[in-house]
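What follows is the content of upload-v8.cif (mmCIF, C-alpha atoms).
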data_run
loop_
_atom_site.label_atom_id
_atom_site.label_comp_id
_atom_site.auth_asym_id
_atom_site.auth_seq_id
_atom_site.Cartn_x
_atom_site.Cartn_y
_atom_site.Cartn_z
CA ASN A 184 -8.69 -1.18 7.78
CA ALA A 185 -7.34 -4.61 6.80
CA GLY A 186 -3.64 -3.78 7.32
CA VAL A 187 -1.45 -6.15 5.32
CA THR A 188 -3.14 -8.97 3.44
CA GLN A 189 -1.52 -11.92 1.68
CA THR A 190 -2.86 -14.50 -0.74
CA PRO A 191 -2.89 -17.42 -0.85
CA LYS A 192 -2.67 -18.68 2.74
CA PHE A 193 -1.46 -22.12 1.70
CA GLN A 194 0.05 -23.50 -1.49
CA VAL A 195 1.55 -26.80 -2.60
CA LEU A 196 3.69 -26.80 -5.73
CA LYS A 197 5.66 -29.40 -7.63
CA THR A 198 9.31 -28.77 -8.38
CA GLY A 199 9.63 -26.53 -11.43
CA GLN A 200 6.19 -24.95 -11.17
CA SER A 201 5.82 -21.20 -10.88
CA MET A 202 3.58 -19.05 -8.73
CA THR A 203 3.08 -15.50 -7.52
CA LEU A 204 2.44 -14.54 -3.92
CA GLN A 205 0.33 -11.42 -3.57
CA CYS A 206 0.58 -8.77 -0.88
CA ALA A 207 -1.40 -5.59 -0.37
CA GLN A 208 -1.46 -2.92 2.32
CA ASP A 209 -4.00 -0.20 2.97
CA MET A 210 -1.95 1.99 5.31
CA ASN A 211 -0.43 4.20 2.59
CA HIS A 212 3.06 2.99 3.49
CA ASN A 213 5.97 3.67 1.19
CA SER A 214 8.11 0.65 2.06
CA MET A 215 7.23 -3.01 1.62
CA TYR A 216 9.18 -6.20 2.33
CA TRP A 217 9.16 -9.91 1.64
CA TYR A 218 10.63 -12.33 4.20
CA ARG A 219 10.87 -16.07 4.50
CA GLN A 220 10.80 -17.91 7.79
CA ASP A 221 12.34 -21.33 8.20
CA PRO A 222 12.42 -23.34 11.44
CA GLY A 223 15.14 -22.10 13.76
CA MET A 224 16.26 -19.40 11.29
CA GLY A 225 14.19 -16.39 12.24
CA LEU A 226 13.07 -14.22 9.31
CA ARG A 227 15.31 -13.50 6.37
CA LEU A 228 14.74 -10.66 3.94
CA ILE A 229 14.22 -11.70 0.32
CA TYR A 230 13.45 -8.39 -1.40
CA TYR A 231 12.23 -4.99 -0.39
CA SER A 232 10.81 -1.87 -1.99
CA ALA A 233 11.62 1.44 -0.33
CA SER A 234 9.11 3.28 -2.50
CA GLU A 235 6.83 2.78 -5.46
CA GLY A 236 8.90 2.00 -8.53
CA THR A 237 12.00 0.72 -6.70
CA THR A 238 13.00 -2.75 -5.58
CA ASP A 239 16.21 -4.09 -4.04
CA LYS A 240 17.63 -7.44 -3.08
CA GLY A 241 17.75 -8.55 0.50
CA GLU A 242 19.71 -11.35 2.10
CA VAL A 243 18.30 -14.33 0.13
CA PRO A 244 17.02 -13.14 -3.28
CA ASN A 245 18.10 -16.08 -5.45
CA GLY A 246 15.19 -17.86 -7.12
CA TYR A 247 12.75 -14.99 -6.58
CA ASN A 248 11.54 -11.91 -8.41
CA VAL A 249 9.35 -9.08 -7.20
CA SER A 250 7.09 -6.43 -8.63
CA ARG A 251 5.95 -3.26 -6.90
CA LEU A 252 2.77 -2.90 -8.89
CA ASN A 253 1.69 0.33 -7.20
CA LYS A 254 1.95 1.84 -3.74
CA ARG A 255 -0.42 -0.76 -2.27
CA GLU A 256 0.79 -3.98 -3.86
CA PHE A 257 4.05 -5.90 -3.79
CA SER A 258 4.18 -9.37 -5.32
CA LEU A 259 6.76 -12.14 -5.03
CA ARG A 260 7.26 -14.60 -7.87
CA LEU A 261 8.88 -18.01 -7.88
CA GLU A 262 9.72 -18.79 -11.50
CA SER A 263 10.77 -22.41 -11.01
CA ALA A 264 10.03 -23.65 -7.52
CA ALA A 265 12.54 -25.85 -5.70
CA PRO A 266 12.11 -27.88 -2.48
CA SER A 267 14.54 -25.47 -0.78
CA GLN A 268 11.87 -22.78 -1.18
CA THR A 269 9.50 -24.62 1.13
CA SER A 270 8.92 -22.03 3.82
CA VAL A 271 6.51 -19.55 5.32
CA TYR A 272 6.53 -16.23 3.47
CA PHE A 273 5.65 -12.96 5.14
CA CYS A 274 4.99 -9.61 3.60
CA ALA A 275 5.39 -6.44 5.64
CA SER A 276 5.00 -2.72 5.17
CA MET A 277 6.47 0.26 6.97
CA GLY A 278 5.49 3.89 7.26
CA LEU A 279 7.42 6.73 8.87
CA THR A 280 7.98 5.19 12.31
CA ASP A 281 10.37 2.28 11.49
CA THR A 282 7.70 -0.12 12.72
CA GLN A 283 6.85 -2.91 10.32
CA TYR A 284 3.38 -4.39 9.99
CA PHE A 285 3.20 -8.00 8.93
CA GLY A 286 0.68 -10.01 6.97
CA PRO A 287 -0.56 -13.41 8.16
CA GLY A 288 1.85 -15.37 5.96
CA THR A 289 1.72 -17.86 3.10
CA ARG A 290 2.72 -21.45 3.84
CA LEU A 291 4.37 -22.88 0.76
CA THR A 292 5.37 -26.50 0.25
CA VAL A 293 7.38 -27.53 -2.80
CA LEU A 294 7.38 -31.25 -3.49
CA SER B 200 23.55 -13.32 7.80
CA GLN B 201 21.64 -13.07 11.04
CA GLN B 202 22.43 -9.96 13.04
CA GLY B 203 20.91 -10.92 16.32
CA GLU B 204 21.34 -13.89 18.52
CA GLU B 205 18.78 -14.52 21.19
CA ASP B 206 19.12 -16.25 24.46
CA PRO B 207 17.59 -18.47 25.64
CA GLN B 208 16.17 -20.27 22.61
CA ALA B 209 13.32 -21.56 24.75
CA LEU B 210 11.90 -20.52 28.10
CA SER B 211 9.17 -22.13 30.20
CA ILE B 212 7.75 -20.37 33.25
CA GLN B 213 4.67 -20.34 35.47
CA GLU B 214 1.97 -17.73 35.12
CA GLY B 215 2.77 -14.72 37.28
CA GLU B 216 6.54 -15.09 36.95
CA ASN B 217 8.74 -12.69 35.03
CA ALA B 218 10.33 -13.67 31.71
CA THR B 219 13.62 -12.23 30.48
CA MET B 220 14.97 -12.65 26.99
CA ASN B 221 18.28 -11.37 25.69
CA CYS B 222 19.44 -10.30 22.26
CA SER B 223 22.96 -9.60 21.03
CA TYR B 224 23.84 -8.00 17.71
CA LYS B 225 26.96 -7.34 15.67
CA THR B 226 26.93 -3.94 13.96
CA SER B 227 26.02 -0.43 15.07
CA ILE B 228 22.31 0.22 14.94
CA ASN B 229 19.78 2.98 14.46
CA ASN B 230 17.20 1.21 16.59
CA LEU B 231 16.25 -2.20 17.95
CA GLN B 232 12.76 -3.61 17.98
CA TRP B 233 10.99 -6.54 19.60
CA TYR B 234 8.23 -8.50 17.90
CA ARG B 235 5.92 -11.26 19.05
CA GLN B 236 4.71 -14.14 16.94
CA ASN B 237 1.86 -16.35 18.04
CA SER B 238 1.90 -19.83 16.59
CA GLY B 239 0.98 -19.80 12.91
CA ARG B 240 0.53 -16.04 12.77
CA GLY B 241 2.36 -12.98 11.48
CA LEU B 242 4.64 -10.90 13.66
CA VAL B 243 3.31 -8.11 15.83
CA HIS B 244 5.44 -5.13 16.84
CA LEU B 245 5.88 -4.71 20.60
CA ILE B 246 8.35 -1.96 21.24
CA LEU B 247 11.13 0.07 19.61
CA ILE B 248 14.17 1.49 21.37
CA ARG B 249 16.52 3.93 19.65
CA SER B 250 20.28 3.80 19.92
CA ASN B 251 20.36 6.88 22.18
CA GLU B 252 17.89 5.34 24.65
CA ARG B 253 18.82 2.98 27.46
CA GLU B 254 15.46 1.80 28.73
CA LYS B 255 11.87 1.86 27.60
CA HIS B 256 8.58 0.67 29.09
CA SER B 257 5.27 -0.32 27.57
CA GLY B 258 2.71 -1.82 29.90
CA ARG B 259 4.22 -5.03 31.31
CA LEU B 260 7.18 -4.83 28.92
CA ARG B 261 10.54 -3.35 29.79
CA VAL B 262 13.33 -3.16 27.23
CA THR B 263 16.93 -2.20 27.88
CA LEU B 264 19.64 -1.43 25.38
CA ASP B 265 23.38 -1.43 25.99
CA THR B 266 25.10 -0.22 22.83
CA SER B 267 28.57 -0.70 24.31
CA LYS B 268 27.85 -4.40 24.71
CA LYS B 269 25.65 -4.56 21.62
CA SER B 270 22.90 -6.21 23.58
CA SER B 271 19.28 -5.76 24.58
CA SER B 272 16.90 -7.47 26.94
CA LEU B 273 13.13 -7.81 27.02
CA LEU B 274 11.45 -8.31 30.37
CA ILE B 275 7.81 -9.37 30.58
CA THR B 276 6.50 -8.93 34.10
CA ALA B 277 3.66 -10.89 35.71
CA SER B 278 3.40 -13.21 32.72
CA ARG B 279 0.09 -14.63 31.54
CA ALA B 280 -0.76 -17.75 29.54
CA ALA B 281 -1.61 -15.42 26.65
CA ASP B 282 2.05 -14.31 26.53
CA THR B 283 2.95 -17.76 25.18
CA ALA B 284 4.57 -16.98 21.82
CA SER B 285 7.90 -16.57 20.07
CA TYR B 286 9.71 -13.29 20.61
CA PHE B 287 12.14 -11.82 18.10
CA CYS B 288 14.54 -8.95 18.31
CA ALA B 289 15.22 -7.05 15.12
CA THR B 290 17.79 -4.37 14.42
CA VAL B 291 17.86 -1.52 11.93
CA PRO B 292 21.53 -1.01 10.99
CA ASN B 293 22.99 2.49 10.92
CA SER B 294 24.38 2.32 7.42
CA GLY B 295 22.12 3.13 4.47
CA ASN B 296 18.95 2.94 6.48
CA THR B 297 16.20 1.69 4.21
CA GLY B 298 14.17 0.30 7.07
CA LYS B 299 15.52 -3.20 6.57
CA LEU B 300 15.12 -5.27 9.70
CA ILE B 301 17.60 -7.98 10.60
CA PHE B 302 16.00 -10.57 12.83
CA GLY B 303 17.37 -12.82 15.50
CA GLN B 304 16.35 -16.45 15.66
CA GLY B 305 13.83 -15.87 18.42
CA THR B 306 13.01 -17.08 21.90
CA THR B 307 10.05 -19.40 22.36
CA LEU B 308 8.23 -18.59 25.58
CA GLN B 309 5.77 -20.95 27.21
CA VAL B 310 3.75 -19.65 30.13
CA LYS B 311 2.03 -22.42 32.05
CA PRO B 312 -1.29 -21.62 33.72
#

Whole structure, structure tokens version:
Amino acid sequence: NAGVTQTPKFQVLKTGQSMTLQCAQDMNHNSMYWYRQDPGMGLRLIYYSASEGTTDKGEVPNGYNVSRLNKREFSLRLESAAPSQTSVYFCASMGLTDTQYFGPGTRLTVL
Amino acid sequence: SQQGEEDPQALSIQEGENATMNCSYKTSINNLQWYRQNSGRGLVHLILIRSNEREKHSGRLRVTLDTSKKSSSLLITASRAADTASYFCATVPNSGNTGKLIFGQGTTLQVKP
């Protein structure tokens, strides 16, 4: 049981490049979430998916897109990376208990 | 916008002492949760308290919730060096509950051996 996995662990991009962050969970959870964490800011919700086939914006969605590929996988795409998107990105999933389970994070630097 | 504000931002204590962290929030909630984050790692769920509960215990953790003051506290008793981490409160708002968590900015706890 791996829980929530994220790839890659680290990534350096140049301004304007694109990339996709991958997330998968093996707990059969319906809901999945993408957060970013910046120093002193706590975690802020980017997008979430309450169930397979649905996605909704969170607090800071600008510059991002998401895909809920199936029940297990929820990807986050940066179409044209900007230095302001330098952050640590966390994926999480949630079952029936309101408890969220987090992945180990992706550390992204945009130069 | 951030829902929760945590106090203090940083806390340094000796092993064996108790650590208390506070969280205040703005809107009515379904539940409030506390998470721990070790340096460079993902968050780990510690405890959940529902809006109709006032106090909850889990091992060395004690959480209180005062909905009239919109505040919660996390007490870690008999702290250990391994408790060194950042602690975040997170609320699930009452309206349109989709499980979205709104996090505070966190309290960084250092426990000195």

**Message:** Using the chain letters and numbers from this file, what does the PyMOL selection byres ((chain A) within 8 of (chain B)) select? Give the answer as a list in words.
**Reply:** Ser214, Gly223, Met224, Gly225, Leu226, Arg227, Leu228, Tyr231, Ala233, Glu242, Phe273, Met277, Asp281, Thr282, Gln283, Tyr284, Phe285, Gly286, Pro287 and Gly288 of chain A

**Message:** Quick check on the file I pasted: which residues fall under the PyMOL selection byres ((chain B and resi 269) around 10)? Write them as JSON, numbers by chain.
**Reply:** {"B": [203, 222, 223, 224, 225, 226, 227, 228, 264, 265, 266, 267, 268, 270, 271]}

**Complete:** For Gln213 (chain B), the closest of B:Thr290, B:Arg279, B:Ala284, B:Ser257 counting all atoms listed in the file is B:Arg279

Just the residues within 6 Å of region 250-263 of chain A, please, counting all atoms listed in the file, with nothing from its chain fewer than 4 positions along; format it as an mmCIF file with C-alpha atoms, in the coordinates of the input.
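Generated output (result-v3.cif):
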data_model
loop_
_atom_site.group_PDB
_atom_site.id
_atom_site.type_symbol
_atom_site.label_atom_id
_atom_site.label_comp_id
_atom_site.auth_asym_id
_atom_site.auth_seq_id
_atom_site.Cartn_x
_atom_site.Cartn_y
_atom_site.Cartn_z
ATOM 1 C CA GLY A 199 9.630 -26.530 -11.430
ATOM 2 C CA GLN A 200 6.190 -24.950 -11.170
ATOM 3 C CA SER A 201 5.820 -21.200 -10.880
ATOM 4 C CA MET A 202 3.580 -19.050 -8.730
ATOM 5 C CA THR A 203 3.080 -15.500 -7.520
ATOM 6 C CA LEU A 204 2.440 -14.540 -3.920
ATOM 7 C CA GLN A 205 0.330 -11.420 -3.570
ATOM 8 C CA CYS A 206 0.580 -8.770 -0.880
ATOM 9 C CA ALA A 207 -1.400 -5.590 -0.370
ATOM 10 C CA GLN A 208 -1.460 -2.920 2.320
ATOM 11 C CA GLU A 235 6.830 2.780 -5.460
#

**Asked** Care to translate the PyMOL selection byres ((chain A and resi 272) around 7) into actual residues of this file, as a ChimeraX atom specification?
**Response** /A:218-220,270-271,273-274,288-290

Selection from above, C-alpha atoms, as an mmCIF file, in the coordinates of the input, can you write it?
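Output file result17.cif is given in full below:
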data_model
loop_
_atom_site.group_PDB
_atom_site.id
_atom_site.type_symbol
_atom_site.label_atom_id
_atom_site.label_comp_id
_atom_site.auth_asym_id
_atom_site.auth_seq_id
_atom_site.Cartn_x
_atom_site.Cartn_y
_atom_site.Cartn_z
ATOM 1 C CA TYR A 218 10.630 -12.330 4.200
ATOM 2 C CA ARG A 219 10.870 -16.070 4.500
ATOM 3 C CA GLN A 220 10.800 -17.910 7.790
ATOM 4 C CA SER A 270 8.920 -22.030 3.820
ATOM 5 C CA VAL A 271 6.510 -19.550 5.320
ATOM 6 C CA PHE A 273 5.650 -12.960 5.140
ATOM 7 C CA CYS A 274 4.990 -9.610 3.600
ATOM 8 C CA GLY A 288 1.850 -15.370 5.960
ATOM 9 C CA THR A 289 1.720 -17.860 3.100
ATOM 10 C CA ARG A 290 2.720 -21.450 3.840
#

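Put simply, CA of Arg261 (chain B) is 5.9 Å away from CA of Leu273 (chain B).
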